[in-house]
Amino acid sequence: MVVLSQPPALEHCSLIKTCKPTCVFTGIPVIDLRDPEAKTLIVKACEEYGFFKLINHGVPMEFMTRLEAEALSFFNLPQSDKDKATPFGYGSNKIGPNGDVGWIEYLLVNTNPQLTSLKTLSENFCSYAVNDYILAVKRLAFEVVEIMADGLEIEPRNVLSRLLRDEKSDSCFRLNHYPPCPQLQALSGRNLIGFGEHTDPQIISILRSNNTSGLQICLRDRTWVSVPPDQTSFFISVGDALQVMSNGRLRSVRHRVLTDSMKSRVSMIYFGGPPMSEKIVALPCLMAKGEESLYKEFTWWEYKTCAYNSRLGANRLGLFEKTANASL
């Protein structure tokens, strides 16, 4: 017998009213990692959307499906068993310490192999399912940001990847489970939030999900659009740190996840972050002569602390904009 996890009662979740039908967006840039023009296409996508779909990425499909199966096995355990993993990164309903909630349960661990949280995840799952996937996605992240650096004409090309490769890199990995919500049919014209709107604070995020829809991104005209799911591909997001390092040329994408009434959604996200002590500042090679930095200099620890202490949908970067540019 499978005991499904018990998400919160509807009255305890954030509800958003759909003001107009949300369209499925067919304009998401699709980039073949092996395309000779990938470096140019990646930069263009990050400038226009802060987001793109990556195909021909080289991560074996077996790694994805095996970890997804392990994740579902864990999330389908009785709640009392899952709660035992709370000290090691399990959570449900509550997103952060500031009152944000969602129709979600998750596992969140640091990807440093020396830390207890990742070791515990490997022990509770099939160890090679976790390790194979994380190692493959880390390598993909290194490759993507190096190709991005080529497109931006940054030298040396490891300016970004060295931060992710650093043994003190504050990168993390998250498994999200959005259970089906049959009660949605009673919420006429309203959608239940699985994970509220936000930007990712790190340098880059690499997401893979099953074939259940729900992910939405906000376009520059502030229109929310649905991203068609594709379990064989990855979706890459620019993070706040990369927006600062590119002095606003590449824009972090605001996104959210809405629940489905009948199907569960499982997503796996690698968040590539720098070491805690790393200073986040606009790269001089990306600034024109006489161009001013849009942001004050800060360390990753300072920004991460700010993000942790703010509401999910807050404009965290606004606190670090220089006064003259505060209205931008």
# chains A, B, ... in the order shown; residues from 1 in each chain; ligands from 1
>>> residues_around(residues="stretch 267-278 of chain A", least_positions_apart="4", cutoff="6 Å", atoms="only C-alpha atoms", output="PyMOL selection string")
chain A and resi 163-164+168-176+202-209+299-301
>>> write_last_selection(atoms="N, CA and C atoms", output="PDB file, in the first residue's frame")
ATOM      1  N   LEU A 163      33.995  29.496  -9.817  1.00  0.00           N
ATOM      2  CA  LEU A 163      33.223  29.709  -8.595  1.00  0.00           C
ATOM      3  C   LEU A 163      32.384  28.483  -8.255  1.00  0.00           C
ATOM      4  N   LEU A 164      31.896  27.810  -9.287  1.00  0.00           N
ATOM      5  CA  LEU A 164      31.097  26.600  -9.071  1.00  0.00           C
ATOM      6  C   LEU A 164      31.978  25.390  -8.768  1.00  0.00           C
ATOM      7  N   LYS A 168      34.718  25.155  -1.914  1.00  0.00           N
ATOM      8  CA  LYS A 168      33.876  25.851  -0.948  1.00  0.00           C
ATOM      9  C   LYS A 168      32.624  26.442  -1.599  1.00  0.00           C
ATOM     10  N   SER A 169      32.374  26.057  -2.846  1.00  0.00           N
ATOM     11  CA  SER A 169      31.183  26.542  -3.544  1.00  0.00           C
ATOM     12  C   SER A 169      29.924  26.261  -2.728  1.00  0.00           C
ATOM     13  N   ASP A 170      29.090  27.279  -2.590  1.00  0.00           N
ATOM     14  CA  ASP A 170      27.843  27.133  -1.840  1.00  0.00           C
ATOM     15  C   ASP A 170      26.713  26.773  -2.809  1.00  0.00           C
ATOM     16  N   SER A 171      26.876  25.649  -3.482  1.00  0.00           N
ATOM     17  CA  SER A 171      25.856  25.160  -4.404  1.00  0.00           C
ATOM     18  C   SER A 171      24.944  24.184  -3.667  1.00  0.00           C
ATOM     19  N   CYS A 172      23.718  24.062  -4.151  1.00  0.00           N
ATOM     20  CA  CYS A 172      22.785  23.165  -3.475  1.00  0.00           C
ATOM     21  C   CYS A 172      21.896  22.452  -4.497  1.00  0.00           C
ATOM     22  N   PHE A 173      21.217  21.436  -4.021  1.00  0.00           N
ATOM     23  CA  PHE A 173      20.376  20.595  -4.859  1.00  0.00           C
ATOM     24  C   PHE A 173      19.034  20.419  -4.173  1.00  0.00           C
ATOM     25  N   ARG A 174      17.970  20.549  -4.961  1.00  0.00           N
ATOM     26  CA  ARG A 174      16.624  20.508  -4.380  1.00  0.00           C
ATOM     27  C   ARG A 174      15.740  19.557  -5.177  1.00  0.00           C
ATOM     28  N   LEU A 175      15.049  18.686  -4.468  1.00  0.00           N
ATOM     29  CA  LEU A 175      14.018  17.825  -5.046  1.00  0.00           C
ATOM     30  C   LEU A 175      12.668  18.348  -4.577  1.00  0.00           C
ATOM     31  N   ASN A 176      11.819  18.749  -5.512  1.00  0.00           N
ATOM     32  CA  ASN A 176      10.489  19.263  -5.181  1.00  0.00           C
ATOM     33  C   ASN A 176       9.411  18.273  -5.604  1.00  0.00           C
ATOM     34  N   GLN A 202      21.271  32.502  -6.784  1.00  0.00           N
ATOM     35  CA  GLN A 202      22.609  32.030  -7.144  1.00  0.00           C
ATOM     36  C   GLN A 202      23.053  32.529  -8.529  1.00  0.00           C
ATOM     37  N   ILE A 203      24.094  31.898  -9.076  1.00  0.00           N
ATOM     38  CA  ILE A 203      24.603  32.264 -10.400  1.00  0.00           C
ATOM     39  C   ILE A 203      23.736  31.657 -11.493  1.00  0.00           C
ATOM     40  N   ILE A 204      23.470  30.368 -11.378  1.00  0.00           N
ATOM     41  CA  ILE A 204      22.727  29.652 -12.412  1.00  0.00           C
ATOM     42  C   ILE A 204      21.942  28.517 -11.773  1.00  0.00           C
ATOM     43  N   SER A 205      20.783  28.203 -12.362  1.00  0.00           N
ATOM     44  CA  SER A 205      19.964  27.080 -11.902  1.00  0.00           C
ATOM     45  C   SER A 205      19.693  26.159 -13.081  1.00  0.00           C
ATOM     46  N   ILE A 206      19.759  24.851 -12.809  1.00  0.00           N
ATOM     47  CA  ILE A 206      19.514  23.858 -13.852  1.00  0.00           C
ATOM     48  C   ILE A 206      18.396  22.946 -13.374  1.00  0.00           C
ATOM     49  N   LEU A 207      17.258  23.017 -14.067  1.00  0.00           N
ATOM     50  CA  LEU A 207      16.050  22.311 -13.642  1.00  0.00           C
ATOM     51  C   LEU A 207      15.670  21.224 -14.629  1.00  0.00           C
ATOM     52  N   ARG A 208      15.263  20.096 -14.070  1.00  0.00           N
ATOM     53  CA  ARG A 208      14.665  19.023 -14.851  1.00  0.00           C
ATOM     54  C   ARG A 208      13.416  18.574 -14.109  1.00  0.00           C
ATOM     55  N   SER A 209      12.319  18.343 -14.838  1.00  0.00           N
ATOM     56  CA  SER A 209      11.078  17.896 -14.197  1.00  0.00           C
ATOM     57  C   SER A 209      10.489  16.746 -14.983  1.00  0.00           C
ATOM     58  N   THR A 299      29.203  40.422  -0.545  1.00  0.00           N
ATOM     59  CA  THR A 299      29.641  39.028  -0.580  1.00  0.00           C
ATOM     60  C   THR A 299      28.424  38.125  -0.778  1.00  0.00           C
ATOM     61  N   TRP A 300      28.696  36.914  -1.243  1.00  0.00           N
ATOM     62  CA  TRP A 300      27.597  35.962  -1.404  1.00  0.00           C
ATOM     63  C   TRP A 300      26.925  35.691  -0.064  1.00  0.00           C
ATOM     64  N   TRP A 301      27.690  35.634   1.016  1.00  0.00           N
ATOM     65  CA  TRP A 301      27.103  35.405   2.338  1.00  0.00           C
ATOM     66  C   TRP A 301      26.125  36.520   2.676  1.00  0.00           C
TER      67      TRP A 301
END
>>> residues_around(residues="A:Tyr295", least_positions_apart="2", cutoff="9 Å", atoms="only C-alpha atoms", output="list of chain:residue names")
A:Val244, A:Asn247, A:Val281, A:Ala282, A:Glu292, A:Ser293, A:Glu297, A:Phe298, A:Leu317, A:Gly318, A:Phe320, A:Glu321, A:Lys322, A:Thr323, A:Asn325
>>> atom_distance(atom1="atom CA of A:Leu140", atom2="atom CA of A:Glu37")
17.3 Å
>>> residues_around(residues="stretch 42-46 of chain A", least_positions_apart="6", cutoff="10 Å", atoms="only C-alpha atoms", output="count of residues only")
26
>>> select_by_dssp(residues="stretch 30-269 of chain A", states="strand (DSSP E)", output="mmCIF file with N, CA, C and O atoms, in the first residue's frame")
data_model
loop_
_atom_site.group_PDB
_atom_site.id
_atom_site.type_symbol
_atom_site.label_atom_id
_atom_site.label_comp_id
_atom_site.auth_asym_id
_atom_site.auth_seq_id
_atom_site.Cartn_x
_atom_site.Cartn_y
_atom_site.Cartn_z
ATOM 1 N N VAL A 30 15.182 27.385 -27.450
ATOM 2 C CA VAL A 30 15.644 26.004 -27.353
ATOM 3 C C VAL A 30 17.050 25.958 -27.936
ATOM 4 O O VAL A 30 17.254 26.293 -29.107
ATOM 5 N N ILE A 31 18.027 25.562 -27.117
ATOM 6 C CA ILE A 31 19.425 25.621 -27.531
ATOM 7 C C ILE A 31 20.055 24.236 -27.467
ATOM 8 O O ILE A 31 19.966 23.553 -26.444
ATOM 9 N N ASP A 32 20.640 23.845 -28.565
ATOM 10 C CA ASP A 32 21.387 22.591 -28.661
ATOM 11 C C ASP A 32 22.805 22.878 -28.181
ATOM 12 O O ASP A 32 23.508 23.712 -28.760
ATOM 13 N N PHE A 51 16.401 32.787 -19.378
ATOM 14 C CA PHE A 51 15.852 31.435 -19.290
ATOM 15 C C PHE A 51 15.921 30.787 -20.660
ATOM 16 O O PHE A 51 15.700 31.439 -21.680
ATOM 17 N N PHE A 52 16.248 29.496 -20.701
ATOM 18 C CA PHE A 52 16.194 28.773 -21.966
ATOM 19 C C PHE A 52 16.134 27.272 -21.711
ATOM 20 O O PHE A 52 16.427 26.802 -20.614
ATOM 21 N N LYS A 53 15.732 26.561 -22.739
ATOM 22 C CA LYS A 53 15.660 25.100 -22.701
ATOM 23 C C LYS A 53 16.894 24.537 -23.385
ATOM 24 O O LYS A 53 17.274 24.981 -24.467
ATOM 25 N N LEU A 54 17.518 23.548 -22.747
ATOM 26 C CA LEU A 54 18.764 22.979 -23.251
ATOM 27 C C LEU A 54 18.547 21.539 -23.689
ATOM 28 O O LEU A 54 18.074 20.701 -22.917
ATOM 29 N N ILE A 55 18.889 21.257 -24.943
ATOM 30 C CA ILE A 55 18.787 19.902 -25.478
ATOM 31 C C ILE A 55 20.173 19.400 -25.874
ATOM 32 O O ILE A 55 21.132 20.173 -25.930
ATOM 33 N N TYR A 90 14.540 17.833 4.715
ATOM 34 C CA TYR A 90 13.155 17.635 4.300
ATOM 35 C C TYR A 90 12.273 18.741 4.868
ATOM 36 O O TYR A 90 12.438 19.182 6.000
ATOM 37 N N GLY A 91 11.324 19.179 4.050
ATOM 38 C CA GLY A 91 10.347 20.152 4.514
ATOM 39 C C GLY A 91 9.072 20.025 3.714
ATOM 40 O O GLY A 91 9.055 19.426 2.636
ATOM 41 N N SER A 92 7.990 20.576 4.230
ATOM 42 C CA SER A 92 6.726 20.577 3.507
ATOM 43 C C SER A 92 5.947 21.829 3.849
ATOM 44 O O SER A 92 6.037 22.341 4.973
ATOM 45 N N ASN A 93 5.228 22.328 2.851
ATOM 46 C CA ASN A 93 4.300 23.447 3.009
ATOM 47 C C ASN A 93 5.003 24.783 3.235
ATOM 48 O O ASN A 93 4.717 25.764 2.561
ATOM 49 N N LYS A 94 5.898 24.843 4.186
ATOM 50 C CA LYS A 94 6.550 26.089 4.553
ATOM 51 C C LYS A 94 7.770 26.326 3.670
ATOM 52 O O LYS A 94 8.627 25.463 3.539
ATOM 53 N N ILE A 95 7.846 27.512 3.070
ATOM 54 C CA ILE A 95 8.972 27.872 2.219
ATOM 55 C C ILE A 95 9.706 29.026 2.888
ATOM 56 O O ILE A 95 9.289 30.181 2.809
ATOM 57 N N ASP A 100 5.940 32.338 3.884
ATOM 58 C CA ASP A 100 5.579 31.820 2.564
ATOM 59 C C ASP A 100 5.229 30.335 2.668
ATOM 60 O O ASP A 100 5.950 29.565 3.308
ATOM 61 N N VAL A 101 4.132 29.951 2.030
ATOM 62 C CA VAL A 101 3.713 28.550 2.042
ATOM 63 C C VAL A 101 3.349 28.122 0.624
ATOM 64 O O VAL A 101 3.127 28.949 -0.258
ATOM 65 N N GLY A 102 3.302 26.820 0.403
ATOM 66 C CA GLY A 102 2.944 26.306 -0.904
ATOM 67 C C GLY A 102 2.475 24.870 -0.820
ATOM 68 O O GLY A 102 2.644 24.201 0.202
ATOM 69 N N TRP A 103 1.906 24.383 -1.904
ATOM 70 C CA TRP A 103 1.446 22.992 -1.999
ATOM 71 C C TRP A 103 2.644 22.169 -2.449
ATOM 72 O O TRP A 103 2.772 21.795 -3.604
ATOM 73 N N ILE A 104 3.549 21.889 -1.528
ATOM 74 C CA ILE A 104 4.845 21.342 -1.885
ATOM 75 C C ILE A 104 5.451 20.589 -0.712
ATOM 76 O O ILE A 104 5.172 20.880 0.456
ATOM 77 N N GLU A 105 6.288 19.623 -1.025
ATOM 78 C CA GLU A 105 7.234 19.046 -0.074
ATOM 79 C C GLU A 105 8.552 18.899 -0.822
ATOM 80 O O GLU A 105 8.576 18.812 -2.055
ATOM 81 N N TYR A 106 9.641 18.870 -0.083
ATOM 82 C CA TYR A 106 10.937 18.960 -0.758
ATOM 83 C C TYR A 106 12.060 18.383 0.091
ATOM 84 O O TYR A 106 11.923 18.163 1.295
ATOM 85 N N LEU A 107 13.165 18.157 -0.584
ATOM 86 C CA LEU A 107 14.438 17.858 0.054
ATOM 87 C C LEU A 107 15.447 18.869 -0.468
ATOM 88 O O LEU A 107 15.559 19.065 -1.685
ATOM 89 N N LEU A 108 16.180 19.524 0.419
ATOM 90 C CA LEU A 108 17.155 20.541 0.034
ATOM 91 C C LEU A 108 18.476 20.241 0.721
ATOM 92 O O LEU A 108 18.539 20.175 1.947
ATOM 93 N N VAL A 109 19.541 20.021 -0.074
ATOM 94 C CA VAL A 109 20.839 19.687 0.502
ATOM 95 C C VAL A 109 21.939 20.479 -0.204
ATOM 96 O O VAL A 109 21.808 20.860 -1.367
ATOM 97 N N ASN A 110 23.012 20.742 0.524
ATOM 98 C CA ASN A 110 24.215 21.320 -0.075
ATOM 99 C C ASN A 110 24.928 20.231 -0.867
ATOM 100 O O ASN A 110 24.924 19.061 -0.466
ATOM 101 N N CYS A 172 23.718 24.062 -4.151
ATOM 102 C CA CYS A 172 22.785 23.165 -3.475
ATOM 103 C C CYS A 172 21.896 22.452 -4.497
ATOM 104 O O CYS A 172 21.843 22.818 -5.675
ATOM 105 N N PHE A 173 21.217 21.436 -4.021
ATOM 106 C CA PHE A 173 20.376 20.595 -4.859
ATOM 107 C C PHE A 173 19.034 20.419 -4.173
ATOM 108 O O PHE A 173 18.969 20.183 -2.968
ATOM 109 N N ARG A 174 17.970 20.549 -4.961
ATOM 110 C CA ARG A 174 16.624 20.508 -4.380
ATOM 111 C C ARG A 174 15.740 19.557 -5.177
ATOM 112 O O ARG A 174 15.718 19.605 -6.410
ATOM 113 N N LEU A 175 15.049 18.686 -4.468
ATOM 114 C CA LEU A 175 14.018 17.825 -5.046
ATOM 115 C C LEU A 175 12.668 18.348 -4.577
ATOM 116 O O LEU A 175 12.414 18.423 -3.366
ATOM 117 N N ASN A 176 11.819 18.749 -5.512
ATOM 118 C CA ASN A 176 10.489 19.263 -5.181
ATOM 119 C C ASN A 176 9.411 18.273 -5.604
ATOM 120 O O ASN A 176 9.481 17.712 -6.704
ATOM 121 N N HIS A 177 8.415 18.093 -4.758
ATOM 122 C CA HIS A 177 7.271 17.244 -5.082
ATOM 123 C C HIS A 177 6.001 18.054 -4.863
ATOM 124 O O HIS A 177 5.759 18.553 -3.757
ATOM 125 N N TYR A 178 5.216 18.220 -5.935
ATOM 126 C CA TYR A 178 3.941 18.927 -5.867
ATOM 127 C C TYR A 178 2.827 17.888 -6.017
ATOM 128 O O TYR A 178 2.543 17.439 -7.134
ATOM 129 N N ARG A 190 -9.368 30.195 -9.920
ATOM 130 C CA ARG A 190 -8.208 30.414 -9.053
ATOM 131 C C ARG A 190 -7.232 29.251 -9.180
ATOM 132 O O ARG A 190 -7.640 28.114 -9.397
ATOM 133 N N ASN A 191 -5.962 29.557 -9.058
ATOM 134 C CA ASN A 191 -4.922 28.534 -9.104
ATOM 135 C C ASN A 191 -4.213 28.443 -7.769
ATOM 136 O O ASN A 191 -3.983 29.469 -7.120
ATOM 137 N N LEU A 192 -3.868 27.260 -7.364
ATOM 138 C CA LEU A 192 -3.164 27.050 -6.099
ATOM 139 C C LEU A 192 -1.666 27.103 -6.331
ATOM 140 O O LEU A 192 -1.144 26.471 -7.248
ATOM 141 N N ILE A 193 -0.972 27.854 -5.521
ATOM 142 C CA ILE A 193 0.467 28.006 -5.684
ATOM 143 C C ILE A 193 1.190 26.800 -5.103
ATOM 144 O O ILE A 193 0.986 26.437 -3.943
ATOM 145 N N GLY A 194 2.042 26.195 -5.917
ATOM 146 C CA GLY A 194 2.938 25.172 -5.414
ATOM 147 C C GLY A 194 4.179 25.821 -4.840
ATOM 148 O O GLY A 194 4.608 25.526 -3.728
ATOM 149 N N PHE A 195 4.759 26.740 -5.616
ATOM 150 C CA PHE A 195 5.935 27.503 -5.175
ATOM 151 C C PHE A 195 5.757 28.911 -5.714
ATOM 152 O O PHE A 195 5.628 29.115 -6.925
ATOM 153 N N GLY A 196 5.731 29.892 -4.826
ATOM 154 C CA GLY A 196 5.408 31.260 -5.211
ATOM 155 C C GLY A 196 6.465 31.932 -6.074
ATOM 156 O O GLY A 196 7.598 31.470 -6.198
ATOM 157 N N GLU A 197 6.089 33.049 -6.667
ATOM 158 C CA GLU A 197 6.985 33.747 -7.591
ATOM 159 C C GLU A 197 8.249 34.229 -6.888
ATOM 160 O O GLU A 197 8.217 34.707 -5.760
ATOM 161 N N HIS A 198 9.372 34.111 -7.594
ATOM 162 C CA HIS A 198 10.662 34.475 -7.036
ATOM 163 C C HIS A 198 11.715 34.452 -8.139
ATOM 164 O O HIS A 198 11.469 33.966 -9.242
ATOM 165 N N ILE A 204 23.470 30.368 -11.378
ATOM 166 C CA ILE A 204 22.727 29.652 -12.412
ATOM 167 C C ILE A 204 21.942 28.517 -11.773
ATOM 168 O O ILE A 204 22.352 27.960 -10.750
ATOM 169 N N SER A 205 20.783 28.203 -12.362
ATOM 170 C CA SER A 205 19.964 27.080 -11.902
ATOM 171 C C SER A 205 19.693 26.159 -13.081
ATOM 172 O O SER A 205 19.425 26.629 -14.192
ATOM 173 N N ILE A 206 19.759 24.851 -12.809
ATOM 174 C CA ILE A 206 19.514 23.858 -13.852
ATOM 175 C C ILE A 206 18.396 22.946 -13.374
ATOM 176 O O ILE A 206 18.551 22.206 -12.400
ATOM 177 N N LEU A 207 17.258 23.017 -14.067
ATOM 178 C CA LEU A 207 16.050 22.311 -13.642
ATOM 179 C C LEU A 207 15.670 21.224 -14.629
ATOM 180 O O LEU A 207 15.719 21.412 -15.839
ATOM 181 N N ARG A 208 15.263 20.096 -14.070
ATOM 182 C CA ARG A 208 14.665 19.023 -14.851
ATOM 183 C C ARG A 208 13.416 18.574 -14.109
ATOM 184 O O ARG A 208 13.413 18.457 -12.892
ATOM 185 N N SER A 209 12.319 18.343 -14.838
ATOM 186 C CA SER A 209 11.078 17.896 -14.197
ATOM 187 C C SER A 209 10.489 16.746 -14.983
ATOM 188 O O SER A 209 10.910 16.432 -16.100
ATOM 189 N N LEU A 215 5.241 24.956 -14.309
ATOM 190 C CA LEU A 215 6.242 26.013 -14.290
ATOM 191 C C LEU A 215 5.788 27.180 -15.151
ATOM 192 O O LEU A 215 5.345 26.993 -16.287
ATOM 193 N N GLN A 216 5.898 28.378 -14.603
ATOM 194 C CA GLN A 216 5.594 29.598 -15.342
ATOM 195 C C GLN A 216 6.722 30.596 -15.157
ATOM 196 O O GLN A 216 7.365 30.630 -14.107
ATOM 197 N N ILE A 217 6.965 31.400 -16.184
ATOM 198 C CA ILE A 217 7.934 32.479 -16.081
ATOM 199 C C ILE A 217 7.244 33.803 -16.375
ATOM 200 O O ILE A 217 6.195 33.841 -17.030
ATOM 201 N N CYS A 218 7.834 34.866 -15.881
ATOM 202 C CA CYS A 218 7.289 36.206 -16.092
ATOM 203 C C CYS A 218 8.119 36.896 -17.169
ATOM 204 O O CYS A 218 9.344 37.035 -17.020
ATOM 205 N N TRP A 224 2.599 36.554 -17.294
ATOM 206 C CA TRP A 224 2.972 35.211 -16.869
ATOM 207 C C TRP A 224 2.596 34.224 -17.966
ATOM 208 O O TRP A 224 1.487 34.273 -18.497
ATOM 209 N N VAL A 225 3.528 33.336 -18.312
ATOM 210 C CA VAL A 225 3.279 32.340 -19.346
ATOM 211 C C VAL A 225 3.711 30.968 -18.840
ATOM 212 O O VAL A 225 4.626 30.843 -18.028
ATOM 213 N N SER A 226 3.045 29.931 -19.335
ATOM 214 C CA SER A 226 3.361 28.563 -18.936
ATOM 215 C C SER A 226 4.454 27.987 -19.819
ATOM 216 O O SER A 226 4.454 28.181 -21.037
ATOM 217 N N PHE A 234 16.701 20.072 -20.071
ATOM 218 C CA PHE A 234 16.925 20.902 -18.896
ATOM 219 C C PHE A 234 16.484 22.331 -19.195
ATOM 220 O O PHE A 234 16.553 22.791 -20.336
ATOM 221 N N PHE A 235 16.048 23.019 -18.139
ATOM 222 C CA PHE A 235 15.703 24.432 -18.251
ATOM 223 C C PHE A 235 16.703 25.217 -17.397
ATOM 224 O O PHE A 235 16.882 24.931 -16.211
ATOM 225 N N ILE A 236 17.341 26.188 -18.026
ATOM 226 C CA ILE A 236 18.414 26.946 -17.387
ATOM 227 C C ILE A 236 17.911 28.338 -17.038
ATOM 228 O O ILE A 236 17.308 29.017 -17.876
ATOM 229 N N SER A 237 18.161 28.768 -15.792
ATOM 230 C CA SER A 237 17.738 30.092 -15.333
ATOM 231 C C SER A 237 18.938 30.918 -14.883
ATOM 232 O O SER A 237 19.820 30.412 -14.187
ATOM 233 N N VAL A 238 18.940 32.177 -15.273
ATOM 234 C CA VAL A 238 19.924 33.132 -14.759
ATOM 235 C C VAL A 238 19.542 33.487 -13.327
ATOM 236 O O VAL A 238 18.360 33.724 -13.031
ATOM 237 N N HIS A 255 9.919 33.438 -11.634
ATOM 238 C CA HIS A 255 9.172 32.249 -11.995
ATOM 239 C C HIS A 255 8.386 31.721 -10.799
ATOM 240 O O HIS A 255 8.605 32.145 -9.660
ATOM 241 N N ARG A 256 7.475 30.792 -11.074
ATOM 242 C CA ARG A 256 6.631 30.202 -10.039
ATOM 243 C C ARG A 256 6.144 28.845 -10.540
ATOM 244 O O ARG A 256 6.294 28.507 -11.720
ATOM 245 N N VAL A 257 5.528 28.083 -9.644
ATOM 246 C CA VAL A 257 4.952 26.790 -10.016
ATOM 247 C C VAL A 257 3.521 26.726 -9.493
ATOM 248 O O VAL A 257 3.272 27.000 -8.315
ATOM 249 N N LEU A 258 2.593 26.383 -10.381
ATOM 250 C CA LEU A 258 1.197 26.181 -10.004
ATOM 251 C C LEU A 258 0.899 24.692 -10.002
ATOM 252 O O LEU A 258 1.494 23.923 -10.751
ATOM 253 N N ARG A 265 3.820 16.670 -9.745
ATOM 254 C CA ARG A 265 4.980 17.205 -10.451
ATOM 255 C C ARG A 265 6.210 16.958 -9.588
ATOM 256 O O ARG A 265 6.198 17.223 -8.380
ATOM 257 N N VAL A 266 7.267 16.450 -10.197
ATOM 258 C CA VAL A 266 8.548 16.254 -9.520
ATOM 259 C C VAL A 266 9.605 17.035 -10.285
ATOM 260 O O VAL A 266 9.736 16.879 -11.503
ATOM 261 N N SER A 267 10.321 17.871 -9.579
ATOM 262 C CA SER A 267 11.396 18.631 -10.223
ATOM 263 C C SER A 267 12.688 18.477 -9.431
ATOM 264 O O SER A 267 12.670 18.277 -8.212
ATOM 265 N N MET A 268 13.795 18.555 -10.155
ATOM 266 C CA MET A 268 15.128 18.413 -9.570
ATOM 267 C C MET A 268 15.943 19.613 -10.028
ATOM 268 O O MET A 268 16.084 19.843 -11.228
ATOM 269 N N ILE A 269 16.444 20.390 -9.080
ATOM 270 C CA ILE A 269 17.126 21.633 -9.435
ATOM 271 C C ILE A 269 18.504 21.701 -8.788
ATOM 272 O O ILE A 269 18.639 21.515 -7.571
#
>>> closest_residue(among="A:Cys285, A:Ser264, A:Asp83, A:Asn309", to="A:Ser213", atoms="only C-alpha atoms")
A:Ser264
>>> atom_distance(atom1="atom CA of A:Asn98", atom2="atom CA of A:Arg311")
5.8 Å
>>> select_by_dssp(residues="stretch 49-282 of chain A", states="helix (DSSP H, G or I)", output="PyMOL selection string")
chain A and resi 61-75+79-83+86-88+116-124+127-152+161-165+182-186+240-245
